[in-house]
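> So that we are looking at the same thing, I have put the structure below in structure tokens.
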Amino acid sequence: MTRQQREADDWVGLMHGPDADTHREAFEAWRREPGNAAAYARSAEAYAVGSSMSPARVEAMARTKARKRAKSQWGLATAAALVLVAGSALYMQSLHDETRTAQSPNASEERQLADGTKVILTDGAKIETQFTTGRRVVILTSGSARFEVAHDASRPFTVIAGRSETTALGTVFEVDLRNGPPRVRLVSGRVEVRSSGGGAALRLEPGQSAEVPAEGPKVVGMMVSPVATSLLAADNLPLGSVLESANKVNAKPVRLADPALATLPVSGRFDLADSGALARKLAAAFGLAVDDRTDEIILAAK
């Protein structure tokens with residue numbers, strides 16, 4: 001979290017407290033500085049959600065409050081205790097918490113996060129990552145981004161963009177903040193999209209897109225991808241999901257002779273635009289037979 005956003009969180013707490021009037025003049029002076037009004041609006045939105053906040057938002061705000069408590073306790077401790085507490089806090093943070101920021105230029109730029117997730121940032125996209133031992137949270141504040149999520153069943157992966165929250169385990173999806181309400185496009189796997197403003201959660205299927213206004217997410221027409229979508233980076237994705245994505249962009253589909261093969265875990269980078277090459281690559285990886293027919297390709301156990 002940036003210094004500016006931490007200050008905004010502090011001001012939200014003060015301006016919603018019993019002594020708000022005594023701080024108003026100083027608050028207005030702070031808010032007039034560049035970027036502060038937008039930062040305060042983001043913090044106020046999270047504060048207003050209250051009990052409807054998701055675990056991701058609750059955890060992010062809890063860390064902010066913990067930092068404030070630690071700061072106030074700092075001045076009360078003795079010098080010896082300060083050294084001990086500071087050393088312990090730094091050690092624990094290195095184990096349990098990682099916060100990083102990244103911003104792209106106007107062109108697309110690929111980054112790899114600490115967990116192995118690959119992110120393509122486009123149109124000045126800016127992200128902040130907040131990783132702990134139990135959760136991975138990415139906050140997108142501008143532009144658009146494509147996430148190729150590293151599979152980690154013990155740590156859900158959540159992207160917060162405006163009012164939208166998209167959660168996945170191992171999958172590929174895109175989030176766009178360039179025009180109007182946040183939009184989410186699922187390339188492969190499964191994601192759940194919700195709005196901090198309310199409404200029911202929405203689960204997307206590969207190829208579907210959703211818009212996330214305040215009243216809740218809704219399925220919309222195809223979202224134009226900011227990056228090429230014929231390439232797929234899979235990290236333990238089910239074989240069935242990989243073929244499902246490939247069959248959406250190919251006239252000649254790849255089928256499985258045995259539905260049980262759909263659960264095989266697939267890892268690697270694949271070009272989905274060539275179904276024949278994809279089938280041969282998957283067959284070599286899993287020891288399968290390829291039956292290349294006129295209108296389809298069948299993968300079967302040997």
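Residues are referred to by chain and number: the chain letter is A, B, ... according to the order shown in the structure tokens, the number counts from 1 in that chain, and ligands are numbered separately from 1 in the order shown.
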I want to know what sits within 8 Å of Asp292 of chain A, based on only C-alpha atoms, with residues of the same chain fewer than 5 positions away left out; could you give that as a PyMOL selection string?
chain A and resi 276+297-298
> Those same residues - all heavy atoms - I'd like them written as a CSV table (one decimal), in the first residue's frame.

chain,number,residue,atom,x,y,z
A,276,GLY,N,-4.0,-29.1,-34.3
A,276,GLY,CA,-3.2,-30.3,-34.6
A,276,GLY,C,-1.9,-30.3,-33.8
A,276,GLY,O,-1.6,-31.3,-33.2
A,297,ILE,N,-10.2,-34.0,-34.0
A,297,ILE,CA,-9.1,-34.8,-33.5
A,297,ILE,C,-9.4,-35.5,-32.2
A,297,ILE,O,-9.9,-34.8,-31.3
A,297,ILE,CB,-7.8,-33.9,-33.3
A,297,ILE,CG1,-7.5,-33.2,-34.6
A,297,ILE,CG2,-6.6,-34.7,-32.9
A,297,ILE,CD1,-6.4,-32.1,-34.5
A,298,ILE,N,-9.1,-36.8,-32.2
A,298,ILE,CA,-9.5,-37.5,-30.9
A,298,ILE,C,-8.2,-37.9,-30.2
A,298,ILE,O,-7.3,-38.5,-30.8
A,298,ILE,CB,-10.3,-38.8,-31.3
A,298,ILE,CG1,-11.5,-38.5,-32.1
A,298,ILE,CG2,-10.6,-39.6,-30.0
A,298,ILE,CD1,-12.5,-37.7,-31.3
> Identify, on the basis of only C-alpha atoms, every residue whose closest approach to segment 187-198 of chain A does not exceed 6 Å; exclude the query and any residue fewer than 3 positions from it along the same chain; express the result as a list in words.
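The residues that qualify are Arg163, Ser164, Glu165, Thr166, Thr167, Ala168, Thr171, Val172, Phe173, Ala201, Leu202, Arg203, Leu204, Pro206, Gly207, Ala214, Glu215, Gly216, Pro217, Ser241 and Ser245 of chain A.
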> Using DSSP assignments from the backbone, pull out every residue in segment 203-299 of chain A that falls under helix (DSSP H, G or I) and give it to me as a JSON list (two decimals) with C-alpha atoms, in the first residue's frame.

[["chain", "number", "residue", "atom", "x", "y", "z"],
["A", 239, "LEU", "CA", -6.89, -31.05, -19.66],
["A", 240, "GLY", "CA", -10.63, -30.57, -20.29],
["A", 241, "SER", "CA", -10.35, -26.82, -19.60],
["A", 242, "VAL", "CA", -7.37, -26.48, -21.94],
["A", 243, "LEU", "CA", -9.24, -28.19, -24.77],
["A", 244, "GLU", "CA", -12.38, -26.18, -24.04],
["A", 245, "SER", "CA", -10.42, -22.96, -24.55],
["A", 246, "ALA", "CA", -8.71, -24.29, -27.70],
["A", 247, "ASN", "CA", -11.99, -25.41, -29.24],
["A", 259, "PRO", "CA", -14.01, -38.29, -20.29],
["A", 260, "ALA", "CA", -11.77, -39.37, -17.39],
["A", 261, "LEU", "CA", -8.79, -37.89, -19.26],
["A", 262, "ALA", "CA", -10.28, -34.42, -18.74],
["A", 263, "THR", "CA", -8.94, -34.30, -15.18],
["A", 275, "SER", "CA", -5.37, -27.65, -32.87],
["A", 276, "GLY", "CA", -3.21, -30.26, -34.64],
["A", 277, "ALA", "CA", 0.02, -29.07, -33.02],
["A", 278, "LEU", "CA", -1.71, -28.73, -29.66],
["A", 279, "ALA", "CA", -3.06, -32.29, -29.85],
["A", 280, "ARG", "CA", 0.37, -33.71, -30.72],
["A", 281, "LYS", "CA", 2.02, -31.81, -27.87],
["A", 282, "LEU", "CA", -0.55, -33.02, -25.34],
["A", 283, "ALA", "CA", -0.36, -36.58, -26.66],
["A", 284, "ALA", "CA", 3.43, -36.61, -26.23],
["A", 285, "ALA", "CA", 3.12, -35.24, -22.68],
["A", 286, "PHE", "CA", 0.58, -37.84, -21.52]]
> Compare A:Val12, A:Thr141, A:Leu256, A:Ala39 by their minimum atom-to-atom distance to Phe27 of chain A, counting only C-alpha atoms, and give me the closest one.
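The shortest atom-to-atom distance to Phe27 of chain A comes from A:Val12.
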> Taking into account only C-alpha atoms, which residue in the set A:Asp9, A:Glu109, A:Glu128, A:Glu205 is nearest to Asn36 of chain A?
A:Asp9
> What is the atom CA of Glu211 of chain A to atom CA of Lys126 of chain A distance in Å?
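Computing it gives 19.8 Å between the two atoms.
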